[in-house]
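K.L.:
Contents of input23.cif (mmCIF, C-alpha atoms (C1' of nucleotides)) are given next:
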data_structure
#
loop_
_atom_site.label_atom_id
_atom_site.label_comp_id
_atom_site.auth_asym_id
_atom_site.auth_seq_id
_atom_site.Cartn_x
_atom_site.Cartn_y
_atom_site.Cartn_z
CA MET A 1 19.56 -46.92 111.67
CA THR A 2 19.83 -49.10 108.68
CA SER A 3 22.82 -47.04 107.66
CA ASN A 4 25.82 -47.10 109.98
CA LYS A 5 25.54 -50.60 111.31
CA THR A 6 27.39 -53.24 109.39
CA ARG A 7 28.77 -50.91 106.80
CA SER A 8 32.54 -50.76 106.88
CA ALA A 9 33.01 -49.94 103.25
CA TYR A 10 31.41 -52.66 101.29
CA HIS A 11 28.30 -54.51 102.32
CA HIS A 12 25.49 -52.33 103.33
CA GLY A 13 23.85 -54.91 105.55
CA ASP A 14 20.28 -54.70 104.37
CA LEU A 15 20.32 -53.09 100.98
CA ALA A 16 17.24 -54.92 99.78
CA ASN A 17 15.02 -53.22 102.34
CA ALA A 18 16.84 -49.93 102.42
CA VAL A 19 16.24 -49.45 98.74
CA LEU A 20 12.55 -50.20 99.18
CA ASP A 21 12.40 -47.43 101.78
CA GLU A 22 14.06 -45.14 99.31
CA VAL A 23 11.59 -46.04 96.58
CA GLU A 24 8.83 -45.18 99.01
CA ARG A 25 10.34 -41.84 99.90
CA ILE A 26 10.84 -40.79 96.31
CA ILE A 27 7.49 -42.10 95.18
CA GLU A 28 5.62 -40.16 97.84
CA GLU A 29 7.70 -37.02 97.56
CA GLN A 30 8.26 -36.75 93.84
CA GLY A 31 6.00 -39.24 92.13
CA LEU A 32 6.60 -42.54 90.42
CA GLU A 33 8.17 -41.11 87.30
CA ASN A 34 11.08 -39.84 89.34
CA VAL A 35 11.98 -43.21 90.76
CA SER A 36 15.18 -44.21 89.03
CA LEU A 37 17.52 -46.97 90.02
CA ARG A 38 20.35 -44.51 90.16
CA ALA A 39 18.52 -42.05 92.38
CA CYS A 40 17.61 -44.83 94.82
CA ALA A 41 21.12 -46.21 94.80
CA LYS A 42 22.75 -42.86 95.38
CA ALA A 43 20.41 -42.05 98.27
CA VAL A 44 21.32 -45.32 99.91
CA GLY A 45 24.98 -44.71 99.21
CA VAL A 46 25.64 -47.46 96.76
CA SER A 47 26.38 -47.80 93.08
CA HIS A 48 23.36 -48.35 90.91
CA SER A 49 24.57 -51.74 89.71
CA ALA A 50 24.48 -53.03 93.26
CA LEU A 51 20.71 -53.09 93.11
CA PHE A 52 20.82 -55.83 90.53
CA ARG A 53 22.21 -58.18 93.16
CA HIS A 54 18.87 -57.96 94.93
CA TYR A 55 16.39 -57.28 92.18
CA ALA A 56 16.52 -58.68 88.69
CA ASP A 57 14.94 -55.67 87.19
CA LYS A 58 13.40 -52.30 87.82
CA ARG A 59 10.07 -54.03 87.43
CA ASP A 60 11.15 -56.60 89.95
CA LEU A 61 12.04 -53.86 92.41
CA LEU A 62 8.71 -52.15 91.93
CA THR A 63 6.95 -55.47 92.36
CA ALA A 64 8.71 -56.00 95.65
CA PHE A 65 7.71 -52.52 96.70
CA ALA A 66 4.11 -53.14 95.76
CA ALA A 67 4.13 -56.45 97.61
CA ARG A 68 5.45 -54.84 100.75
CA GLY A 69 2.88 -52.09 100.44
CA ALA A 70 0.07 -54.60 100.05
CA ARG A 71 1.26 -56.53 103.09
CA ARG A 72 1.39 -53.38 105.17
CA MET A 73 -1.98 -52.27 103.96
CA ALA A 74 -3.54 -55.59 104.80
CA ALA A 75 -1.92 -55.52 108.22
CA SER A 76 -3.10 -51.98 108.83
CA VAL A 77 -6.67 -52.77 107.89
CA ASN A 78 -6.62 -55.96 109.91
CA GLN A 79 -5.43 -54.13 112.95
CA GLN A 80 -8.04 -51.39 112.71
CA ILE A 81 -10.92 -53.84 112.51
CA ALA A 82 -9.62 -56.20 115.17
CA ASP A 83 -12.18 -55.42 117.85
CA VAL A 84 -15.05 -54.29 115.68
CA PRO A 85 -18.13 -56.51 116.01
CA GLN A 86 -19.01 -58.62 113.02
CA GLY A 87 -21.98 -56.55 111.94
CA LYS A 88 -20.05 -53.29 111.63
CA ARG A 89 -17.04 -54.70 109.89
CA PHE A 90 -17.78 -53.42 106.45
CA LEU A 91 -17.73 -49.80 107.46
CA ALA A 92 -14.54 -50.33 109.46
CA VAL A 93 -12.79 -52.13 106.62
CA GLY A 94 -13.84 -49.48 104.16
CA LEU A 95 -12.66 -46.60 106.26
CA ALA A 96 -9.37 -48.30 107.06
CA TYR A 97 -8.79 -49.15 103.42
CA ILE A 98 -9.50 -45.63 102.25
CA ASP A 99 -7.46 -44.21 105.07
CA TYR A 100 -4.41 -46.17 104.06
CA ALA A 101 -4.82 -45.11 100.45
CA ARG A 102 -5.05 -41.45 101.38
CA LYS A 103 -2.03 -41.59 103.64
CA ASN A 104 0.11 -43.54 101.19
CA PRO A 105 -1.16 -42.55 97.78
CA GLY A 106 2.01 -43.43 95.94
CA ALA A 107 2.21 -46.87 97.45
CA PHE A 108 -1.49 -47.44 96.94
CA ARG A 109 -1.28 -46.55 93.28
CA MET A 110 1.70 -48.80 92.81
CA ILE A 111 -0.01 -51.74 94.45
CA PHE A 112 -2.64 -51.73 91.75
CA ARG A 113 -0.46 -50.64 88.85
CA GLU A 114 -0.34 -54.17 87.56
CA ASP A 115 0.86 -53.27 84.12
CA ALA A 116 4.01 -51.79 85.64
CA LEU A 117 4.92 -54.81 87.70
CA ASN A 118 4.98 -58.55 87.72
CA PRO A 119 1.64 -59.76 89.08
CA ASP A 120 2.78 -63.38 89.10
CA HIS A 121 5.52 -62.80 91.63
CA PRO A 122 4.71 -65.05 94.61
CA ASP A 123 5.18 -62.34 97.23
CA TYR A 124 2.91 -59.97 95.40
CA ALA A 125 0.30 -62.57 94.57
CA GLN A 126 0.14 -63.73 98.15
CA ALA A 127 -0.17 -60.23 99.56
CA MET A 128 -2.97 -59.43 97.15
CA GLN A 129 -4.80 -62.61 98.00
CA GLN A 130 -4.58 -61.65 101.64
CA MET A 131 -6.07 -58.26 100.88
CA ALA A 132 -8.87 -59.77 98.86
CA ALA A 133 -9.70 -62.07 101.75
CA ILE A 134 -9.96 -59.16 104.15
CA LEU A 135 -12.17 -57.23 101.79
CA ALA A 136 -14.39 -60.24 101.29
CA ILE A 137 -14.79 -60.62 105.03
CA GLY A 138 -15.80 -57.00 105.29
CA GLY A 139 -18.16 -57.58 102.43
CA HIS A 140 -20.24 -60.53 103.47
CA GLY A 141 -19.06 -62.05 106.68
CA SER A 142 -17.78 -65.41 105.52
CA GLU A 143 -14.92 -66.38 103.29
CA ASP A 144 -15.73 -69.95 102.33
CA THR A 145 -17.18 -69.30 98.87
CA ASP A 146 -14.55 -69.54 96.20
CA ALA A 147 -16.67 -67.79 93.65
CA LEU A 148 -16.90 -64.10 94.30
CA SER A 149 -20.44 -63.12 95.22
CA PRO A 150 -22.04 -60.03 93.73
CA LYS A 151 -22.19 -58.44 97.16
CA ALA A 152 -18.54 -59.11 97.83
CA LEU A 153 -17.66 -57.56 94.50
CA LEU A 154 -19.80 -54.58 95.27
CA ALA A 155 -18.14 -54.07 98.64
CA TRP A 156 -14.66 -54.52 97.23
CA SER A 157 -15.18 -52.17 94.33
CA SER A 158 -17.06 -49.37 95.99
CA VAL A 159 -14.38 -49.08 98.64
CA HIS A 160 -11.65 -49.37 96.06
CA GLY A 161 -13.38 -46.90 93.79
CA ILE A 162 -13.74 -44.31 96.53
CA ALA A 163 -10.08 -44.71 97.38
CA MET A 164 -9.08 -44.20 93.76
CA LEU A 165 -11.27 -41.17 93.31
CA CYS A 166 -9.94 -39.71 96.54
CA ILE A 167 -6.31 -39.77 95.59
CA ASP A 168 -6.64 -39.05 91.89
CA GLY A 169 -10.01 -38.05 90.50
CA SER A 170 -11.77 -34.80 91.14
CA LEU A 171 -12.37 -35.66 94.79
CA SER A 172 -8.76 -34.88 95.53
CA ARG A 173 -9.14 -31.34 94.27
CA ASP A 174 -12.70 -30.05 94.26
CA VAL A 175 -13.87 -31.35 97.61
CA ALA A 176 -12.68 -30.03 100.95
CA GLN A 177 -10.92 -32.68 102.97
CA ALA A 178 -13.05 -32.10 106.04
CA GLU A 179 -16.34 -32.80 104.35
CA LEU A 180 -14.77 -35.59 102.35
CA GLU A 181 -14.48 -37.65 105.52
CA ALA A 182 -18.16 -37.27 106.19
CA LEU A 183 -19.07 -37.88 102.59
CA ILE A 184 -17.17 -41.15 102.53
CA GLU A 185 -18.72 -42.40 105.70
CA GLN A 186 -22.21 -41.55 104.50
CA SER A 187 -21.62 -43.39 101.26
CA LEU A 188 -20.39 -46.48 103.00
CA ARG A 189 -23.26 -46.37 105.47
CA ALA A 190 -25.71 -46.17 102.61
CA LEU A 191 -24.23 -49.27 101.09
CA ALA A 192 -23.90 -51.32 104.25
CA PRO A 193 -27.53 -52.53 104.51
CA VAL A 194 -27.41 -53.98 101.00
CA LEU A 195 -24.46 -56.13 101.92
CA LEU A 196 -26.15 -57.71 104.92
CA GLU A 197 -28.61 -59.70 102.86
CA MET B 1 -6.14 -42.47 55.11
CA THR B 2 -4.36 -40.06 57.28
CA SER B 3 -1.17 -41.06 55.52
CA ASN B 4 -0.91 -40.40 51.82
CA LYS B 5 -3.05 -37.33 51.54
CA THR B 6 -1.24 -34.07 51.94
CA ARG B 7 2.15 -35.62 52.40
CA SER B 8 4.53 -34.68 49.62
CA ALA B 9 7.67 -35.01 51.70
CA TYR B 10 7.32 -32.67 54.60
CA HIS B 11 4.07 -31.92 56.30
CA HIS B 12 2.19 -34.94 57.34
CA GLY B 13 -1.16 -33.19 57.36
CA ASP B 14 -2.50 -34.28 60.70
CA LEU B 15 0.42 -35.38 62.81
CA ALA B 16 -1.17 -34.38 66.08
CA ASN B 17 -3.96 -36.90 65.70
CA ALA B 18 -1.96 -39.53 63.91
CA VAL B 19 0.45 -39.74 66.80
CA LEU B 20 -2.42 -40.08 69.25
CA ASP B 21 -3.63 -43.08 67.24
CA GLU B 22 -0.16 -44.51 67.45
CA VAL B 23 -0.01 -44.01 71.19
CA GLU B 24 -3.27 -45.88 71.42
CA ARG B 25 -2.04 -48.75 69.31
CA ILE B 26 1.16 -49.20 71.26
CA ILE B 27 -0.51 -48.74 74.62
CA GLU B 28 -3.08 -51.42 73.91
CA GLU B 29 -0.71 -53.80 72.18
CA GLN B 30 2.42 -53.48 74.27
CA GLY B 31 1.54 -51.53 77.38
CA LEU B 32 2.27 -48.03 78.55
CA GLU B 33 5.92 -48.58 79.37
CA ASN B 34 6.63 -49.22 75.70
CA VAL B 35 5.25 -45.93 74.52
CA SER B 36 8.25 -43.87 73.51
CA LEU B 37 8.25 -40.70 71.50
CA ARG B 38 10.65 -42.28 69.08
CA ALA B 39 8.54 -45.38 68.56
CA CYS B 40 5.44 -43.30 67.89
CA ALA B 41 7.30 -41.00 65.56
CA LYS B 42 8.81 -43.82 63.55
CA ALA B 43 5.48 -45.55 63.17
CA VAL B 44 3.96 -42.38 61.81
CA GLY B 45 6.97 -41.86 59.55
CA VAL B 46 8.40 -38.77 61.10
CA SER B 47 11.43 -37.83 63.13
CA HIS B 48 10.94 -37.91 66.87
CA SER B 49 11.62 -34.22 67.31
CA ALA B 50 8.70 -33.39 65.07
CA LEU B 51 6.37 -34.36 67.90
CA PHE B 52 7.57 -31.43 69.94
CA ARG B 53 5.92 -29.09 67.44
CA HIS B 54 2.56 -30.45 68.57
CA TYR B 55 3.15 -31.46 72.16
CA ALA B 56 5.37 -29.67 74.61
CA ASP B 57 6.28 -32.82 76.41
CA LYS B 58 5.79 -36.52 76.66
CA ARG B 59 3.49 -35.75 79.55
CA ASP B 60 1.63 -33.31 77.36
CA LEU B 61 1.17 -35.95 74.69
CA LEU B 62 -0.13 -38.45 77.20
CA THR B 63 -2.46 -35.83 78.61
CA ALA B 64 -3.86 -35.21 75.15
CA PHE B 65 -4.31 -38.93 74.72
CA ALA B 66 -6.09 -39.22 78.05
CA ALA B 67 -8.32 -36.29 77.19
CA ARG B 68 -9.32 -37.82 73.89
CA GLY B 69 -9.96 -41.12 75.63
CA ALA B 70 -12.16 -39.45 78.21
CA ARG B 71 -14.13 -37.64 75.53
CA ARG B 72 -14.68 -40.85 73.62
CA MET B 73 -15.64 -42.71 76.74
CA ALA B 74 -18.16 -40.05 77.70
CA ALA B 75 -19.58 -40.08 74.19
CA SER B 76 -19.80 -43.86 74.18
CA VAL B 77 -21.62 -43.97 77.49
CA ASN B 78 -23.90 -41.15 76.48
CA GLN B 79 -24.84 -42.93 73.32
CA GLN B 80 -25.58 -46.23 75.02
CA ILE B 81 -27.93 -44.66 77.53
CA ALA B 82 -29.67 -42.36 75.08
CA ASP B 83 -33.00 -44.14 75.00
CA VAL B 84 -32.97 -45.75 78.41
CA PRO B 85 -35.76 -44.53 80.67
CA GLN B 86 -34.75 -42.38 83.61
CA GLY B 87 -35.28 -45.05 86.23
CA LYS B 88 -32.95 -47.59 84.65
CA ARG B 89 -30.17 -45.22 83.83
CA PHE B 90 -27.78 -46.24 86.56
CA LEU B 91 -27.50 -49.81 85.38
CA ALA B 92 -27.06 -48.66 81.80
CA VAL B 93 -24.40 -46.13 82.67
CA GLY B 94 -22.55 -48.64 84.79
CA LEU B 95 -22.55 -51.32 82.15
CA ALA B 96 -21.48 -48.89 79.44
CA TYR B 97 -18.71 -47.48 81.60
CA ILE B 98 -17.35 -50.90 82.48
CA ASP B 99 -17.73 -52.04 78.92
CA TYR B 100 -15.58 -49.21 77.65
CA ALA B 101 -12.95 -49.90 80.27
CA ARG B 102 -12.75 -53.56 79.36
CA LYS B 103 -12.53 -52.86 75.66
CA ASN B 104 -9.94 -50.10 76.03
CA PRO B 105 -8.01 -51.03 79.15
CA GLY B 106 -4.89 -49.09 78.21
CA ALA B 107 -6.80 -45.92 77.47
CA PHE B 108 -8.94 -46.34 80.55
CA ARG B 109 -5.91 -46.70 82.79
CA MET B 110 -4.29 -43.68 81.24
CA ILE B 111 -7.38 -41.54 81.73
CA PHE B 112 -7.08 -41.97 85.46
CA ARG B 113 -3.30 -42.06 85.73
CA GLU B 114 -3.27 -38.50 86.93
CA ASP B 115 0.24 -38.63 88.32
CA ALA B 116 1.55 -39.34 84.83
CA LEU B 117 -0.20 -36.47 83.15
CA ASN B 118 -1.20 -32.87 83.57
CA PRO B 119 -4.64 -32.80 85.19
CA ASP B 120 -4.93 -29.05 84.81
CA HIS B 121 -4.85 -29.13 81.04
CA PRO B 122 -8.13 -27.57 79.91
CA ASP B 123 -9.00 -30.33 77.43
CA TYR B 124 -8.46 -33.00 80.02
CA ALA B 125 -10.24 -31.14 82.79
CA GLN B 126 -13.24 -30.49 80.60
CA ALA B 127 -13.49 -34.08 79.43
CA MET B 128 -13.31 -35.33 82.98
CA GLN B 129 -15.97 -32.92 84.11
CA GLN B 130 -18.19 -34.18 81.35
CA MET B 131 -17.66 -37.76 82.53
CA ALA B 132 -18.39 -36.84 86.11
CA ALA B 133 -21.63 -35.22 85.02
CA ILE B 134 -22.73 -38.34 83.21
CA LEU B 135 -21.91 -40.51 86.17
CA ALA B 136 -23.79 -38.19 88.48
CA ILE B 137 -26.84 -38.40 86.25
CA GLY B 138 -26.71 -42.14 86.38
CA GLY B 139 -26.32 -41.89 90.09
CA HIS B 140 -29.18 -39.75 91.23
CA GLY B 141 -31.17 -38.34 88.39
CA SER B 142 -30.41 -34.64 88.61
CA GLU B 143 -27.24 -32.69 88.18
CA ASP B 144 -28.01 -29.40 89.84
CA THR B 145 -26.29 -30.01 93.17
CA ASP B 146 -22.76 -28.74 93.12
CA ALA B 147 -21.77 -30.68 96.20
CA LEU B 148 -21.36 -34.36 95.46
CA SER B 149 -24.02 -36.35 97.26
CA PRO B 150 -23.11 -39.58 99.06
CA LYS B 151 -25.24 -41.53 96.65
CA ALA B 152 -23.59 -39.99 93.65
CA LEU B 153 -20.20 -40.81 95.09
CA LEU B 154 -21.31 -44.34 95.76
CA ALA B 155 -22.54 -44.77 92.21
CA TRP B 156 -19.41 -43.22 90.69
CA SER B 157 -17.02 -45.27 92.77
CA SER B 158 -18.66 -48.64 92.66
CA VAL B 159 -18.79 -48.52 88.89
CA HIS B 160 -15.27 -47.19 88.71
CA GLY B 161 -14.05 -49.75 91.20
CA ILE B 162 -15.56 -52.64 89.28
CA ALA B 163 -13.96 -51.36 86.12
CA MET B 164 -10.56 -51.14 87.78
CA LEU B 165 -10.81 -54.57 89.30
CA CYS B 166 -11.89 -55.99 85.96
CA ILE B 167 -8.92 -54.84 83.99
CA ASP B 168 -6.25 -55.18 86.64
CA GLY B 169 -7.10 -56.87 89.91
CA SER B 170 -7.79 -60.54 90.35
CA LEU B 171 -11.04 -60.33 88.42
CA SER B 172 -9.08 -60.17 85.22
CA ARG B 173 -7.45 -63.51 85.91
CA ASP B 174 -9.34 -65.71 88.32
CA VAL B 175 -12.86 -65.19 87.04
CA ALA B 176 -14.17 -66.52 83.75
CA GLN B 177 -15.24 -63.75 81.44
CA ALA B 178 -18.67 -65.25 80.83
CA GLU B 179 -19.71 -65.29 84.44
CA LEU B 180 -18.02 -61.96 84.99
CA GLU B 181 -20.68 -60.28 82.88
CA ALA B 182 -23.42 -61.73 85.04
CA LEU B 183 -21.55 -60.96 88.22
CA ILE B 184 -21.20 -57.32 87.28
CA GLU B 185 -24.83 -56.94 86.40
CA GLN B 186 -25.93 -58.56 89.63
CA SER B 187 -23.72 -56.25 91.64
CA LEU B 188 -25.05 -53.16 89.94
CA ARG B 189 -28.62 -54.37 90.30
CA ALA B 190 -28.05 -54.87 94.00
CA LEU B 191 -26.86 -51.32 94.34
CA ALA B 192 -29.52 -49.65 92.21
CA PRO B 193 -32.32 -49.55 94.80
CA VAL B 194 -30.10 -47.71 97.27
CA LEU B 195 -29.48 -44.94 94.78
CA LEU B 196 -33.17 -44.24 94.15
CA GLU B 197 -33.78 -42.73 97.57
"C1'" DT C 1 44.63 -70.62 106.06
"C1'" DG C 2 42.40 -71.08 101.65
"C1'" DA C 3 38.55 -71.50 98.67
"C1'" DC C 4 33.77 -70.43 97.76
"C1'" DT C 5 30.00 -67.41 97.62
"C1'" DA C 6 27.56 -63.13 98.36
"C1'" DT C 7 27.71 -58.43 97.66
"C1'" DG C 8 29.41 -54.10 95.71
"C1'" DT C 9 32.26 -51.21 92.03
"C1'" DG C 10 33.50 -49.10 87.61
"C1'" DA C 11 33.44 -48.93 82.82
"C1'" DC C 12 30.65 -49.63 79.23
"C1'" DC C 13 26.25 -49.76 76.01
"C1'" DA C 14 21.80 -48.72 73.57
"C1'" DA C 15 17.61 -46.27 74.06
"C1'" DT C 16 15.23 -42.37 75.70
"C1'" DG C 17 13.39 -37.46 76.36
"C1'" DG C 18 14.62 -33.12 75.23
"C1'" DA C 19 17.04 -28.73 73.06
"C1'" DA C 20 19.22 -26.22 69.16
"C1'" DA C 21 20.21 -24.90 64.67
"C1'" DC C 22 18.87 -25.52 60.24
"C1'" DA C 23 15.62 -26.65 56.19
"C1'" DT C 24 11.43 -26.71 53.72
"C1'" DG C 25 6.85 -26.10 52.85
"C1'" DT C 26 2.26 -23.01 53.14
"C1'" DG C 27 -0.28 -18.90 53.31
"C1'" DT C 28 -0.76 -13.98 52.93
"C1'" DC C 29 -0.16 -9.29 51.49
"C1'" DT C 30 1.16 -6.11 48.04
"C1'" DA D 1 3.86 -13.10 40.48
"C1'" DG D 2 7.38 -12.24 44.34
"C1'" DA D 3 8.61 -11.68 49.18
"C1'" DC D 4 8.00 -12.31 53.69
"C1'" DA D 5 6.39 -14.65 57.94
"C1'" DC D 6 5.08 -18.69 60.04
"C1'" DA D 7 4.36 -23.55 60.69
"C1'" DT D 8 6.13 -27.88 60.44
"C1'" DG D 9 9.89 -31.21 59.95
"C1'" DT D 10 15.02 -32.80 60.02
"C1'" DT D 11 19.65 -33.41 61.92
"C1'" DT D 12 22.61 -33.27 65.39
"C1'" DC D 13 23.76 -33.19 69.95
"C1'" DC D 14 23.36 -34.10 75.09
"C1'" DA D 15 22.34 -35.96 79.89
"C1'" DT D 16 19.96 -39.59 82.01
"C1'" DT D 17 18.36 -44.09 82.31
"C1'" DG D 18 18.08 -49.35 82.66
"C1'" DG D 19 21.03 -53.03 82.02
"C1'" DT D 20 25.51 -56.00 81.38
"C1'" DC D 21 30.20 -57.41 82.34
"C1'" DA D 22 34.61 -57.99 84.33
"C1'" DC D 23 36.67 -57.15 88.47
"C1'" DA D 24 37.18 -56.24 93.67
"C1'" DT D 25 36.15 -57.05 98.34
"C1'" DA D 26 33.80 -59.08 102.42
"C1'" DG D 27 31.94 -63.06 105.05
"C1'" DT D 28 31.85 -67.98 105.75
"C1'" DC D 29 33.07 -72.41 106.47
"C1'" DA D 30 36.01 -76.52 105.46
#
Once you've parsed the file, please lay out its structure as structure tokens.

P.N.:
Amino acid sequence: MTSNKTRSAYHHGDLANAVLDEVERIIEEQGLENVSLRACAKAVGVSHSALFRHYADKRDLLTAFAARGARRMAASVNQQIADVPQGKRFLAVGLAYIDYARKNPGAFRMIFREDALNPDHPDYAQAMQQMAAILAIGGHGSEDTDALSPKALLAWSSVHGIAMLCIDGSLSRDVAQAELEALIEQSLRALAPVLLE
Amino acid sequence: MTSNKTRSAYHHGDLANAVLDEVERIIEEQGLENVSLRACAKAVGVSHSALFRHYADKRDLLTAFAARGARRMAASVNQQIADVPQGKRFLAVGLAYIDYARKNPGAFRMIFREDALNPDHPDYAQAMQQMAAILAIGGHGSEDTDALSPKALLAWSSVHGIAMLCIDGSLSRDVAQAELEALIEQSLRALAPVLLE
DNA sequence: TGACTATGTGACCAATGGAAACATGTGTCT
DNA sequence: AGACACATGTTTCCATTGGTCACATAGTCA
């Protein structure tokens, strides 16, 4: 689709996005350490130097990838909680968040790998702020307080922590996936009452 | 100390550990992406190929570093909760855990960067198991259940999540360090009652 | 059409992880 | 003590990588 459209010989048409797709593919299939500019470029059918027309840096490319991932994640969570009543939002947000992480582990890791990217990039910063807002809503119902409340932090981090432990820690190996679902939901349910005052 | 002891010309004496120290220094001072075998080797005063006598791989070296970090972290937490009464253990464990993460962010990140290391390495696996045991103790008082209980998972992940968000996420930038301390403690205190049945 | 700009190419470079062949030190057995 | 085996370190070499530069080509717009 993105390939044989406006590509006579030069000019891919939408290299910037195509290469992000390629980063995603490689990252999920072979892990982050196998993402090289050259591998991405070749897969897209372009010389590796072409990428520098769209991204200043490898770091810049990864930042763009993380930003896109964060946007998608926020959108996904937002969609899944759309028609959930206010009182049950935390559970819904948590499950959606963890679900996204488990289905896109590479992207999820990259989103929070701040030492490998440029956290000040406007796109990234904005996407992350959006995510934080969603999590805060799930956490304590309103979003007007600038200062993070203890309960909001607790909501944020427990969900985030579960997600991390699911895709990396021992949860990803020692626990059967079927019971993991249940385990997660029970944990979140146990926490929910605390968050509602 | 480690330097001019048994080092006539060849034979450093304790290269394996010295290079781990160097990894730590670089990782904390300049970030993970600047850790190169050559840089470590030069700093220790040895040719870069010498490292391959002690570690099969860069990944193997990083795994050893992560394992040592996990052992130290477990020891540190263990020590800080030694004379805390059973009922208040969760708070103590949480604070100690987060404290270690904030003081050794590079090491902490590496410990959980499982896609960059070899999680099956016995040293690493054992150290992680030890950590999990400690966290479980803090979570629900006994360690006999093989299956992870929801409460144990909740304890584990909330503490882990806070730690992550402290060293990377927005907490590391937008929140003043002074009030962060208080915020963390309040969050953990809010969670504690849930964990005690 | 002609000029300007955006996008892509190819040749080049220094640094990196890793392998191979060689050198030197240490310990052990007689 | 001498000789041998083994552990540890060095040098040299290589393919790959991120990055730069000069050049080529494709759209665009006067």

K.L.:
Can you list, as a PDB file with C-alpha atoms, keeping the file's coordinate frame, every protein, DNA or RNA residue that comes within 12 Å of B:Asp120 when you count only C-alpha atoms (C1' of nucleotides), leaving out same-chain residues fewer than 2 positions away?

P.N.:
ATOM      1  CA  GLY A 169     -10.010 -38.050  90.500  1.00  0.00           C
ATOM      2  CA  SER A 170     -11.770 -34.800  91.140  1.00  0.00           C
ATOM      3  CA  ARG A 173      -9.140 -31.340  94.270  1.00  0.00           C
TER       4      ARG A 173
ATOM      5  CA  ARG B  59       3.490 -35.750  79.550  1.00  0.00           C
ATOM      6  CA  ASP B  60       1.630 -33.310  77.360  1.00  0.00           C
ATOM      7  CA  THR B  63      -2.460 -35.830  78.610  1.00  0.00           C
ATOM      8  CA  ALA B  64      -3.860 -35.210  75.150  1.00  0.00           C
ATOM      9  CA  ALA B  67      -8.320 -36.290  77.190  1.00  0.00           C
ATOM     10  CA  GLU B 114      -3.270 -38.500  86.930  1.00  0.00           C
ATOM     11  CA  ASP B 115       0.240 -38.630  88.320  1.00  0.00           C
ATOM     12  CA  LEU B 117      -0.200 -36.470  83.150  1.00  0.00           C
ATOM     13  CA  ASN B 118      -1.200 -32.870  83.570  1.00  0.00           C
ATOM     14  CA  PRO B 122      -8.130 -27.570  79.910  1.00  0.00           C
ATOM     15  CA  ASP B 123      -9.000 -30.330  77.430  1.00  0.00           C
ATOM     16  CA  TYR B 124      -8.460 -33.000  80.020  1.00  0.00           C
ATOM     17  CA  ALA B 125     -10.240 -31.140  82.790  1.00  0.00           C
ATOM     18  CA  GLN B 126     -13.240 -30.490  80.600  1.00  0.00           C
ATOM     19  CA  ALA B 127     -13.490 -34.080  79.430  1.00  0.00           C
ATOM     20  CA  MET B 128     -13.310 -35.330  82.980  1.00  0.00           C
ATOM     21  CA  GLN B 129     -15.970 -32.920  84.110  1.00  0.00           C
TER      22      GLN B 129
END

K.L.:
Output as a ChimeraX atom specification the set of chain A residues within 12 Å of chain C, with distances taken over all atoms listed in the file.

P.N.:
/A:7,9-16,41,45-54

K.L.:
Write the residues of the selection above to a file with C-alpha atoms, as a compact mmCIF listing (two decimals), keeping the file's coordinate frame.

P.N.:
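New file result-v8.txt:
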# COMPACT_ATOMS: atom_id res chain seq x y z
CA ARG A 7 28.77 -50.91 106.80
CA ALA A 9 33.01 -49.94 103.25
CA TYR A 10 31.41 -52.66 101.29
CA HIS A 11 28.30 -54.51 102.32
CA HIS A 12 25.49 -52.33 103.33
CA GLY A 13 23.85 -54.91 105.55
CA ASP A 14 20.28 -54.70 104.37
CA LEU A 15 20.32 -53.09 100.98
CA ALA A 16 17.24 -54.92 99.78
CA ALA A 41 21.12 -46.21 94.80
CA GLY A 45 24.98 -44.71 99.21
CA VAL A 46 25.64 -47.46 96.76
CA SER A 47 26.38 -47.80 93.08
CA HIS A 48 23.36 -48.35 90.91
CA SER A 49 24.57 -51.74 89.71
CA ALA A 50 24.48 -53.03 93.26
CA LEU A 51 20.71 -53.09 93.11
CA PHE A 52 20.82 -55.83 90.53
CA ARG A 53 22.21 -58.18 93.16
CA HIS A 54 18.87 -57.96 94.93

K.L.:
Select from chain B every residue with an atom at most 6 Å from any atom of chain A, then for each give the shortest pair of atoms and their distance in Å to one decimal, using only C-alpha atoms, rows by chain and rising number, as CSV.

P.N.:
residue,atom,partner,partner_atom,distance
B:Pro150,CA,A:Ser187,CA,4.6
B:Leu154,CA,A:Ser187,CA,5.6
B:Ser157,CA,A:Gly161,CA,4.1
B:Ser158,CA,A:Ser158,CA,3.8
B:His160,CA,A:Gly161,CA,5.4
B:Gly161,CA,A:Gly161,CA,3.9
B:Ile162,CA,A:Ser157,CA,5.1
B:Leu183,CA,A:Pro150,CA,5.6
B:Gln186,CA,A:Pro150,CA,5.8
B:Ser187,CA,A:Pro150,CA,4.6

K.L.:
Taking only C-alpha atoms (C1' of nucleotides) into account, which residues of chain D are within 8 Å of chain A, as a list of chain:residue names?

P.N.:
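So the contacting residues turn out to be D:DT17, D:DG18, D:DT25, D:DA26.
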
K.L.:
For stretch 100-115 of chain B, I'd like the enclosing box, axis-aligned and padded by 3 Å on every side, reported as lines of an AutoDock Vina configuration file with centre and edge lengths in Å to one decimal.

P.N.:
center_x = -7.7
center_y = -46.0
center_z = 82.0
size_x = 21.8
size_y = 21.1
size_z = 18.7

K.L.:
Rank A:Asp83, A:Asp21, A:Leu91, A:Arg102 by their smallest atom-to-atom distance to A:Gln177, using only C-alpha atoms, and report the top residue only.

P.N.:
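Between A:Asp83, A:Asp21, A:Leu91, A:Arg102, the residue approaching A:Gln177 most closely is A:Arg102.
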